[in-house]
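Listing of data35.txt, compact mmCIF, N, CA and C atoms
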# COMPACT_ATOMS: atom_id res chain seq x y z
N MET A 1 76.07 124.84 76.19
CA MET A 1 76.16 123.41 76.38
C MET A 1 74.83 122.91 76.95
N LYS A 2 74.28 121.83 76.43
CA LYS A 2 73.01 121.29 76.88
C LYS A 2 73.19 120.50 78.17
N SER A 3 72.08 120.33 78.87
CA SER A 3 72.09 119.59 80.14
C SER A 3 72.62 118.17 79.96
N SER A 4 72.23 117.49 78.89
CA SER A 4 72.67 116.11 78.67
C SER A 4 74.17 116.04 78.41
N ASP A 5 74.74 117.06 77.76
CA ASP A 5 76.19 117.10 77.53
C ASP A 5 76.94 117.23 78.85
N ILE A 6 76.41 118.07 79.73
CA ILE A 6 77.03 118.27 81.04
C ILE A 6 76.95 116.98 81.84
N ASP A 7 75.76 116.31 81.80
CA ASP A 7 75.58 115.05 82.53
C ASP A 7 76.58 114.00 82.07
N GLN A 8 76.84 113.91 80.76
CA GLN A 8 77.78 112.92 80.24
C GLN A 8 79.20 113.19 80.72
N GLU A 9 79.54 114.46 80.92
CA GLU A 9 80.87 114.80 81.45
C GLU A 9 80.97 114.47 82.94
N LEU A 10 79.88 114.66 83.68
CA LEU A 10 79.89 114.46 85.13
C LEU A 10 79.73 113.00 85.52
N PHE A 11 78.89 112.26 84.79
CA PHE A 11 78.54 110.89 85.17
C PHE A 11 78.93 109.92 84.07
N THR A 12 80.12 109.35 84.19
CA THR A 12 80.56 108.38 83.20
C THR A 12 80.34 106.97 83.75
N GLU A 13 80.63 105.97 82.95
CA GLU A 13 80.43 104.59 83.39
C GLU A 13 81.44 104.17 84.45
N SER A 14 82.59 104.85 84.50
CA SER A 14 83.63 104.45 85.44
C SER A 14 83.94 105.49 86.52
N TYR A 15 83.32 106.70 86.43
CA TYR A 15 83.65 107.74 87.40
C TYR A 15 82.52 108.75 87.53
N CYS A 16 82.20 109.11 88.77
CA CYS A 16 81.22 110.16 89.05
C CYS A 16 81.99 111.38 89.53
N LYS A 17 82.06 112.41 88.70
CA LYS A 17 82.84 113.60 89.04
C LYS A 17 82.21 114.39 90.19
N VAL A 18 80.89 114.36 90.31
CA VAL A 18 80.21 115.09 91.38
C VAL A 18 80.60 114.53 92.75
N CYS A 19 80.66 113.21 92.86
CA CYS A 19 80.97 112.55 94.14
C CYS A 19 82.44 112.15 94.26
N SER A 20 83.20 112.30 93.19
CA SER A 20 84.59 111.84 93.15
C SER A 20 84.67 110.35 93.46
N ALA A 21 83.79 109.57 92.82
CA ALA A 21 83.71 108.13 93.09
C ALA A 21 84.16 107.33 91.88
N GLN A 22 85.09 106.42 92.11
CA GLN A 22 85.54 105.49 91.08
C GLN A 22 84.55 104.33 91.05
N LEU A 23 84.01 104.01 89.88
CA LEU A 23 83.01 102.96 89.75
C LEU A 23 83.60 101.81 88.96
N ILE A 24 83.85 100.71 89.63
CA ILE A 24 84.58 99.60 89.04
C ILE A 24 83.68 98.62 88.29
N SER A 25 82.53 98.31 88.88
CA SER A 25 81.67 97.29 88.26
C SER A 25 80.29 97.86 87.94
N GLU A 26 79.52 97.10 87.18
CA GLU A 26 78.16 97.49 86.81
C GLU A 26 77.30 97.62 88.06
N SER A 27 77.38 96.66 88.96
CA SER A 27 76.55 96.70 90.17
C SER A 27 76.92 97.89 91.07
N GLN A 28 78.21 98.19 91.14
CA GLN A 28 78.65 99.34 91.93
C GLN A 28 78.14 100.64 91.31
N ARG A 29 78.20 100.73 89.98
CA ARG A 29 77.74 101.93 89.28
C ARG A 29 76.24 102.14 89.53
N VAL A 30 75.45 101.09 89.39
CA VAL A 30 74.00 101.19 89.59
C VAL A 30 73.71 101.59 91.03
N ALA A 31 74.35 100.93 91.98
CA ALA A 31 74.13 101.24 93.40
C ALA A 31 74.50 102.69 93.70
N HIS A 32 75.61 103.16 93.14
CA HIS A 32 76.03 104.54 93.40
C HIS A 32 75.06 105.55 92.82
N TYR A 33 74.74 105.40 91.55
CA TYR A 33 73.88 106.38 90.88
C TYR A 33 72.45 106.37 91.42
N GLU A 34 72.02 105.30 92.09
CA GLU A 34 70.68 105.25 92.66
C GLU A 34 70.66 105.60 94.15
N SER A 35 71.83 105.91 94.73
CA SER A 35 71.89 106.18 96.16
C SER A 35 71.38 107.58 96.51
N ARG A 36 70.92 107.72 97.75
CA ARG A 36 70.45 109.02 98.24
C ARG A 36 71.60 110.02 98.36
N LYS A 37 72.76 109.54 98.77
CA LYS A 37 73.92 110.42 98.94
C LYS A 37 74.30 111.05 97.60
N HIS A 38 74.30 110.24 96.53
CA HIS A 38 74.61 110.76 95.19
C HIS A 38 73.56 111.80 94.79
N ALA A 39 72.28 111.48 95.00
CA ALA A 39 71.21 112.41 94.63
C ALA A 39 71.35 113.74 95.36
N SER A 40 71.71 113.67 96.64
CA SER A 40 71.90 114.88 97.42
C SER A 40 73.05 115.73 96.88
N LYS A 41 74.16 115.06 96.54
CA LYS A 41 75.32 115.80 96.00
C LYS A 41 75.02 116.38 94.62
N VAL A 42 74.22 115.68 93.82
CA VAL A 42 73.85 116.20 92.50
C VAL A 42 72.97 117.43 92.66
N ARG A 43 72.00 117.38 93.60
CA ARG A 43 71.15 118.56 93.85
C ARG A 43 72.01 119.76 94.25
N LEU A 44 72.94 119.53 95.17
CA LEU A 44 73.82 120.61 95.62
C LEU A 44 74.68 121.12 94.47
N TYR A 45 75.20 120.22 93.65
CA TYR A 45 76.04 120.62 92.53
C TYR A 45 75.27 121.54 91.59
N TYR A 46 74.03 121.16 91.26
CA TYR A 46 73.24 121.97 90.34
C TYR A 46 72.77 123.28 90.97
N MET A 47 72.67 123.31 92.31
CA MET A 47 72.36 124.58 92.98
C MET A 47 73.54 125.53 92.84
N LEU A 48 74.74 124.98 92.97
CA LEU A 48 75.95 125.81 92.92
C LEU A 48 76.44 126.08 91.51
N HIS A 49 76.06 125.22 90.55
CA HIS A 49 76.48 125.36 89.16
C HIS A 49 75.26 125.27 88.25
N PRO A 50 74.43 126.32 88.22
CA PRO A 50 73.21 126.25 87.42
C PRO A 50 73.52 126.01 85.94
N ILE A 51 72.67 125.22 85.28
CA ILE A 51 72.85 124.88 83.87
C ILE A 51 72.74 126.11 82.98
N ASP A 52 71.81 127.03 83.35
CA ASP A 52 71.57 128.20 82.51
C ASP A 52 72.65 129.28 82.67
N GLY A 53 73.64 129.03 83.50
CA GLY A 53 74.72 130.00 83.70
C GLY A 53 74.36 131.11 84.65
N GLY A 54 73.18 131.03 85.29
CA GLY A 54 72.74 132.05 86.23
C GLY A 54 73.51 131.98 87.53
N CYS A 55 73.07 132.77 88.47
CA CYS A 55 73.73 132.81 89.78
C CYS A 55 73.37 131.58 90.60
N PRO A 56 74.30 131.12 91.42
CA PRO A 56 74.00 129.98 92.29
C PRO A 56 72.85 130.30 93.25
N ALA A 57 72.11 129.29 93.62
CA ALA A 57 71.00 129.45 94.55
C ALA A 57 71.51 129.65 95.97
N LYS A 58 70.59 130.03 96.87
CA LYS A 58 70.88 130.19 98.30
C LYS A 58 72.02 131.16 98.58
N LYS A 59 71.97 132.32 97.95
CA LYS A 59 73.01 133.33 98.19
C LYS A 59 72.81 134.02 99.52
N LEU A 60 73.85 134.48 100.10
CA LEU A 60 73.81 135.19 101.36
C LEU A 60 74.97 136.17 101.37
N ARG A 61 74.83 137.24 102.12
CA ARG A 61 75.94 138.20 102.21
C ARG A 61 77.14 137.54 102.85
N SER A 62 78.30 137.79 102.28
CA SER A 62 79.53 137.25 102.88
C SER A 62 79.97 138.16 104.02
N GLU A 63 81.00 137.75 104.72
CA GLU A 63 81.46 138.50 105.88
C GLU A 63 81.92 139.91 105.54
N ASN A 64 82.45 140.13 104.34
CA ASN A 64 82.92 141.47 103.98
C ASN A 64 81.80 142.33 103.43
N GLY A 65 80.56 141.79 103.38
CA GLY A 65 79.42 142.60 102.98
C GLY A 65 79.05 142.51 101.52
N SER A 66 79.84 141.86 100.68
CA SER A 66 79.50 141.77 99.26
C SER A 66 78.66 140.54 99.00
N ASP A 67 77.83 140.59 97.97
CA ASP A 67 76.98 139.46 97.61
C ASP A 67 77.63 138.55 96.59
N ALA A 68 78.74 138.94 96.00
CA ALA A 68 79.34 138.24 94.86
C ALA A 68 79.72 136.80 95.19
N ASP A 69 79.10 135.85 94.48
CA ASP A 69 79.42 134.43 94.57
C ASP A 69 79.47 133.88 96.00
N ALA A 70 78.64 134.41 96.89
CA ALA A 70 78.60 133.92 98.26
C ALA A 70 77.50 132.87 98.38
N VAL A 71 77.76 131.85 99.17
CA VAL A 71 76.80 130.79 99.40
C VAL A 71 76.60 130.65 100.90
N ASP A 72 75.37 130.41 101.34
CA ASP A 72 75.06 130.28 102.75
C ASP A 72 75.81 129.10 103.34
N LYS A 73 76.74 129.37 104.24
CA LYS A 73 77.58 128.31 104.82
C LYS A 73 76.80 127.40 105.75
N ASN A 74 75.62 127.82 106.20
CA ASN A 74 74.77 126.97 107.02
C ASN A 74 73.92 126.03 106.18
N LYS A 75 73.92 126.22 104.87
CA LYS A 75 73.15 125.37 103.96
C LYS A 75 74.03 124.37 103.23
N CYS A 76 75.26 124.79 102.87
CA CYS A 76 76.13 123.87 102.14
C CYS A 76 77.60 124.27 102.27
N CYS A 77 78.47 123.28 102.05
CA CYS A 77 79.91 123.49 102.04
C CYS A 77 80.38 123.19 100.62
N THR A 78 80.81 124.22 99.91
CA THR A 78 81.24 124.03 98.52
C THR A 78 82.54 123.24 98.43
N LEU A 79 83.38 123.32 99.45
CA LEU A 79 84.64 122.60 99.45
C LEU A 79 84.42 121.08 99.48
N CYS A 80 83.50 120.65 100.34
CA CYS A 80 83.23 119.22 100.50
C CYS A 80 82.02 118.75 99.68
N ASN A 81 81.35 119.69 99.01
CA ASN A 81 80.18 119.39 98.19
C ASN A 81 79.11 118.70 99.03
N MET A 82 78.77 119.32 100.18
CA MET A 82 77.79 118.76 101.10
C MET A 82 76.72 119.79 101.40
N SER A 83 75.49 119.32 101.61
CA SER A 83 74.42 120.22 102.03
C SER A 83 74.00 119.86 103.45
N PHE A 84 73.46 120.86 104.19
CA PHE A 84 73.12 120.68 105.59
C PHE A 84 71.66 121.01 105.84
N THR A 85 71.09 120.36 106.85
CA THR A 85 69.69 120.59 107.20
C THR A 85 69.54 121.70 108.24
N SER A 86 70.61 122.02 108.96
CA SER A 86 70.54 123.08 109.97
C SER A 86 71.92 123.66 110.22
N ALA A 87 71.94 124.79 110.94
CA ALA A 87 73.20 125.44 111.28
C ALA A 87 74.03 124.57 112.22
N VAL A 88 73.39 123.80 113.07
CA VAL A 88 74.09 122.92 114.01
C VAL A 88 74.84 121.83 113.25
N VAL A 89 74.17 121.24 112.26
CA VAL A 89 74.80 120.20 111.44
C VAL A 89 75.97 120.81 110.66
N ALA A 90 75.78 122.02 110.14
CA ALA A 90 76.85 122.70 109.39
C ALA A 90 78.06 122.94 110.29
N GLU A 91 77.82 123.44 111.49
CA GLU A 91 78.92 123.73 112.42
C GLU A 91 79.67 122.46 112.77
N SER A 92 78.93 121.38 112.97
CA SER A 92 79.55 120.09 113.26
C SER A 92 80.46 119.66 112.10
N HIS A 93 79.99 119.86 110.87
CA HIS A 93 80.80 119.52 109.69
C HIS A 93 82.07 120.35 109.65
N TYR A 94 81.95 121.67 109.84
CA TYR A 94 83.11 122.55 109.74
C TYR A 94 84.16 122.27 110.81
N GLN A 95 83.76 121.68 111.93
CA GLN A 95 84.70 121.34 112.99
C GLN A 95 85.24 119.92 112.84
N GLY A 96 84.74 119.19 111.85
CA GLY A 96 85.10 117.79 111.69
C GLY A 96 86.38 117.54 110.94
N LYS A 97 86.80 116.27 110.94
CA LYS A 97 88.05 115.85 110.33
C LYS A 97 88.02 115.93 108.81
N ILE A 98 86.90 115.56 108.20
CA ILE A 98 86.82 115.54 106.73
C ILE A 98 87.01 116.95 106.16
N HIS A 99 86.31 117.93 106.74
CA HIS A 99 86.44 119.30 106.25
C HIS A 99 87.86 119.82 106.49
N ALA A 100 88.42 119.54 107.65
CA ALA A 100 89.79 119.99 107.96
C ALA A 100 90.79 119.40 106.99
N LYS A 101 90.63 118.12 106.66
CA LYS A 101 91.54 117.46 105.73
C LYS A 101 91.46 118.09 104.34
N ARG A 102 90.23 118.33 103.87
CA ARG A 102 90.07 118.94 102.54
C ARG A 102 90.58 120.37 102.51
N LEU A 103 90.40 121.08 103.61
CA LEU A 103 90.91 122.45 103.70
C LEU A 103 92.43 122.45 103.64
N LYS A 104 93.08 121.53 104.33
CA LYS A 104 94.54 121.42 104.28
C LYS A 104 95.02 121.10 102.87
N LEU A 105 94.32 120.18 102.19
CA LEU A 105 94.69 119.83 100.82
C LEU A 105 94.54 121.03 99.89
N LEU A 106 93.47 121.81 100.10
CA LEU A 106 93.23 123.00 99.31
C LEU A 106 94.35 124.03 99.50
N LEU A 107 94.83 124.13 100.74
CA LEU A 107 95.88 125.09 101.06
C LEU A 107 97.27 124.57 100.71
N GLY A 108 97.32 123.34 100.21
CA GLY A 108 98.60 122.78 99.77
C GLY A 108 99.39 122.08 100.85
N GLU A 109 98.79 121.89 102.02
CA GLU A 109 99.47 121.19 103.10
C GLU A 109 99.24 119.70 102.94
N GLN A 110 100.22 118.92 103.29
CA GLN A 110 100.07 117.47 103.24
C GLN A 110 99.35 117.01 104.51
N PRO A 111 98.36 116.11 104.39
CA PRO A 111 97.69 115.63 105.59
C PRO A 111 98.65 114.82 106.46
N ALA A 112 98.48 114.92 107.76
CA ALA A 112 99.34 114.21 108.70
C ALA A 112 99.09 112.71 108.59
N LEU A 113 100.17 111.96 108.66
CA LEU A 113 100.05 110.51 108.63
C LEU A 113 99.57 110.03 109.98
N LYS A 114 98.70 109.03 109.98
CA LYS A 114 98.19 108.49 111.23
C LYS A 114 99.31 107.79 111.98
N ALA A 115 99.39 108.08 113.25
CA ALA A 115 100.37 107.39 114.09
C ALA A 115 99.79 106.03 114.44
N THR A 116 100.45 104.99 113.99
CA THR A 116 99.94 103.64 114.22
C THR A 116 100.52 103.04 115.49
N GLY A 117 101.45 103.69 116.09
CA GLY A 117 102.07 103.14 117.29
C GLY A 117 103.00 102.00 116.93
N LEU A 118 103.42 101.27 117.93
CA LEU A 118 104.32 100.15 117.70
C LEU A 118 103.48 98.91 117.43
N LYS A 119 103.60 98.38 116.24
CA LYS A 119 102.88 97.16 115.88
C LYS A 119 103.90 96.06 115.66
N ARG A 120 103.62 94.94 116.22
CA ARG A 120 104.49 93.78 116.08
C ARG A 120 104.13 93.05 114.80
N SER A 121 105.11 92.64 114.06
CA SER A 121 104.86 91.82 112.87
C SER A 121 105.64 90.52 113.01
N TYR A 122 105.12 89.48 112.37
CA TYR A 122 105.71 88.15 112.44
C TYR A 122 106.05 87.71 111.03
N THR A 123 107.29 87.31 110.81
CA THR A 123 107.75 86.96 109.48
C THR A 123 108.08 85.47 109.38
N CYS A 124 107.61 84.88 108.30
CA CYS A 124 107.98 83.51 107.98
C CYS A 124 109.01 83.59 106.87
N ASN A 125 110.28 83.32 107.21
CA ASN A 125 111.36 83.42 106.23
C ASN A 125 111.29 82.32 105.17
N ILE A 126 110.68 81.21 105.50
CA ILE A 126 110.55 80.11 104.54
C ILE A 126 109.63 80.52 103.39
N CYS A 127 108.47 81.11 103.76
CA CYS A 127 107.47 81.50 102.73
C CYS A 127 107.63 82.96 102.30
N ASN A 128 108.49 83.70 102.97
CA ASN A 128 108.74 85.09 102.67
C ASN A 128 107.47 85.94 102.77
N ILE A 129 106.76 85.82 103.91
CA ILE A 129 105.57 86.64 104.17
C ILE A 129 105.63 87.23 105.56
N THR A 130 104.91 88.33 105.76
CA THR A 130 104.84 88.99 107.06
C THR A 130 103.39 88.98 107.51
N LEU A 131 103.17 88.63 108.77
CA LEU A 131 101.83 88.54 109.35
C LEU A 131 101.69 89.53 110.49
N ASN A 132 100.45 89.98 110.75
CA ASN A 132 100.21 91.05 111.72
C ASN A 132 100.01 90.57 113.16
N SER A 133 99.65 89.30 113.35
CA SER A 133 99.40 88.84 114.72
C SER A 133 100.00 87.45 114.93
N ILE A 134 100.14 87.12 116.20
CA ILE A 134 100.69 85.81 116.55
C ILE A 134 99.73 84.70 116.14
N GLU A 135 98.42 85.00 116.20
CA GLU A 135 97.41 84.02 115.79
C GLU A 135 97.55 83.70 114.30
N GLN A 136 97.73 84.73 113.49
CA GLN A 136 97.91 84.53 112.04
C GLN A 136 99.19 83.73 111.78
N TYR A 137 100.23 84.03 112.52
CA TYR A 137 101.51 83.35 112.35
C TYR A 137 101.38 81.86 112.65
N HIS A 138 100.72 81.53 113.78
CA HIS A 138 100.53 80.13 114.14
C HIS A 138 99.64 79.41 113.13
N ALA A 139 98.59 80.07 112.66
CA ALA A 139 97.71 79.48 111.65
C ALA A 139 98.49 79.23 110.36
N HIS A 140 99.37 80.16 110.01
CA HIS A 140 100.20 80.01 108.81
C HIS A 140 101.12 78.79 108.94
N LEU A 141 101.76 78.65 110.10
CA LEU A 141 102.68 77.53 110.32
C LEU A 141 101.98 76.18 110.19
N LYS A 142 100.69 76.13 110.55
CA LYS A 142 99.92 74.89 110.46
C LYS A 142 99.34 74.66 109.07
N GLY A 143 99.38 75.70 108.21
CA GLY A 143 98.75 75.63 106.90
C GLY A 143 99.50 74.76 105.90
N SER A 144 98.77 74.34 104.86
CA SER A 144 99.34 73.42 103.87
C SER A 144 100.43 74.07 103.02
N LYS A 145 100.30 75.34 102.70
CA LYS A 145 101.34 75.99 101.86
C LYS A 145 102.68 76.02 102.59
N HIS A 146 102.63 76.34 103.90
CA HIS A 146 103.86 76.37 104.68
C HIS A 146 104.43 74.96 104.83
N GLN A 147 103.55 74.01 105.11
CA GLN A 147 103.99 72.63 105.30
C GLN A 147 104.64 72.08 104.02
N THR A 148 104.10 72.46 102.87
CA THR A 148 104.66 72.01 101.59
C THR A 148 106.05 72.56 101.37
N LYS A 149 106.24 73.84 101.70
CA LYS A 149 107.54 74.48 101.50
C LYS A 149 108.56 73.95 102.50

Would you mind giving the structure from this file in structure tokens?
Amino acid sequence: MKSSDIDQELFTESYCKVCSAQLISESQRVAHYESRKHASKVRLYYMLHPIDGGCPAKKLRSENGSDADAVDKNKCCTLCNMSFTSAVVAESHYQGKIHAKRLKLLLGEQPALKATGLKRSYTCNICNITLNSIEQYHAHLKGSKHQTK
């Protein structure tokens, strides 16, 4: 498969498979494909998935001593498709929420729902809407749509 064929599969007009980004508009697509974050992820992707079918770059011995398909964990995280400038940055990533969430998804666990606590909501039965704050509720009551109904 040629490089251009692979690029067409990875970078479509509506989706970037490397970044897992949905691209809705022309301006969003241009901004995404020209961003530094996208360029960094593309470099990492091609390091880990060479076009010529060769071995991935930046190999290092794994913990069990074999060289097979091992990647330096201080340089990049294949799970999150991220590259690091130092071991400290890598360690910070591995202890972070994003990596933990992706690891849980990989292992088949459902991510925990955020506890939002007790939130008060205000309902206008006339207009059949629910508002999040007392300020919104009062503004709604003074509004023309509510007054009309």

Legend entry - One-decimal distance in Å that lies between atom C of Asn81 of chain A and atom N of Ser25 of chain A: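 Atom C of Asn81 of chain A lies at a distance of 23.0 Å from atom N of Ser25 of chain A.
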
Write out as a tab-separated table (two decimals) with N, CA and C atoms, keeping the file's coordinate frame each polymer residue whose atoms come within 12 Å of Cys80 of chain A, counting only C-alpha atoms; drop sequence neighbours fewer than 6 positions from it.
chain	number	residue	atom	x	y	z
A	18	VAL	N	80.89	114.36	90.31
A	18	VAL	CA	80.21	115.09	91.38
A	18	VAL	C	80.60	114.53	92.75
A	19	CYS	N	80.66	113.21	92.86
A	19	CYS	CA	80.97	112.55	94.14
A	19	CYS	C	82.44	112.15	94.26
A	20	SER	N	83.20	112.30	93.19
A	20	SER	CA	84.59	111.84	93.15
A	20	SER	C	84.67	110.35	93.46
A	41	LYS	N	74.16	115.06	96.54
A	41	LYS	CA	75.32	115.80	96.00
A	41	LYS	C	75.02	116.38	94.62
A	44	LEU	N	72.94	119.53	95.17
A	44	LEU	CA	73.82	120.61	95.62
A	44	LEU	C	74.68	121.12	94.47
A	45	TYR	N	75.20	120.22	93.65
A	45	TYR	CA	76.04	120.62	92.53
A	45	TYR	C	75.27	121.54	91.59
A	73	LYS	N	76.74	129.37	104.24
A	73	LYS	CA	77.58	128.31	104.82
A	73	LYS	C	76.80	127.40	105.75
A	90	ALA	N	75.78	122.02	110.14
A	90	ALA	CA	76.85	122.70	109.39
A	90	ALA	C	78.06	122.94	110.29
A	93	HIS	N	79.99	119.86	110.87
A	93	HIS	CA	80.80	119.52	109.69
A	93	HIS	C	82.07	120.35	109.65
A	94	TYR	N	81.95	121.67	109.84
A	94	TYR	CA	83.11	122.55	109.74
A	94	TYR	C	84.16	122.27	110.81
A	96	GLY	N	84.74	119.19	111.85
A	96	GLY	CA	85.10	117.79	111.69
A	96	GLY	C	86.38	117.54	110.94
A	97	LYS	N	86.80	116.27	110.94
A	97	LYS	CA	88.05	115.85	110.33
A	97	LYS	C	88.02	115.93	108.81
A	98	ILE	N	86.90	115.56	108.20
A	98	ILE	CA	86.82	115.54	106.73
A	98	ILE	C	87.01	116.95	106.16
A	99	HIS	N	86.31	117.93	106.74
A	99	HIS	CA	86.44	119.30	106.25
A	99	HIS	C	87.86	119.82	106.49
A	100	ALA	N	88.42	119.54	107.65
A	100	ALA	CA	89.79	119.99	107.96
A	100	ALA	C	90.79	119.40	106.99
A	101	LYS	N	90.63	118.12	106.66
A	101	LYS	CA	91.54	117.46	105.73
A	101	LYS	C	91.46	118.09	104.34
A	102	ARG	N	90.23	118.33	103.87
A	102	ARG	CA	90.07	118.94	102.54
A	102	ARG	C	90.58	120.37	102.51
A	103	LEU	N	90.40	121.08	103.61
A	103	LEU	CA	90.91	122.45	103.70
A	103	LEU	C	92.43	122.45	103.64
A	105	LEU	N	94.32	120.18	102.19
A	105	LEU	CA	94.69	119.83	100.82
A	105	LEU	C	94.54	121.03	99.89
A	106	LEU	N	93.47	121.81	100.10
A	106	LEU	CA	93.23	123.00	99.31
A	106	LEU	C	94.35	124.03	99.50

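The space separating atom N of His38 of chain A from atom N of Lys17 of chain A comes to 11.2 Å.
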
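Taking atom C of Asn132 of chain A and atom CA of Arg120 of chain A as the two end points, the separation is 6.2 Å.
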
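Each of A:Asp72, A:Cys124, A:Tyr33, A:Leu79 was compared to Lys104 of chain A using only C-alpha atoms, and A:Leu79 turns out to be the nearest.
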
Inset, instruction - For segment 126-129 of chain A, list every protein, DNA or RNA residue within 8 Å, evaluated using all atoms listed in the file, and leave out those in the same chain fewer than 6 positions away; present the list as a VMD selection string. - result: chain A and resid 145 to 146 149

Inset, instruction - Find the residue from A:Asn74, A:Lys142, A:Asp7, A:Arg43 that sits nearest to Ser86 of chain A; use only N, CA and C atoms when measuring. - result: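 Ranked by minimum distance to Ser86 of chain A, first place goes to A:Asn74.
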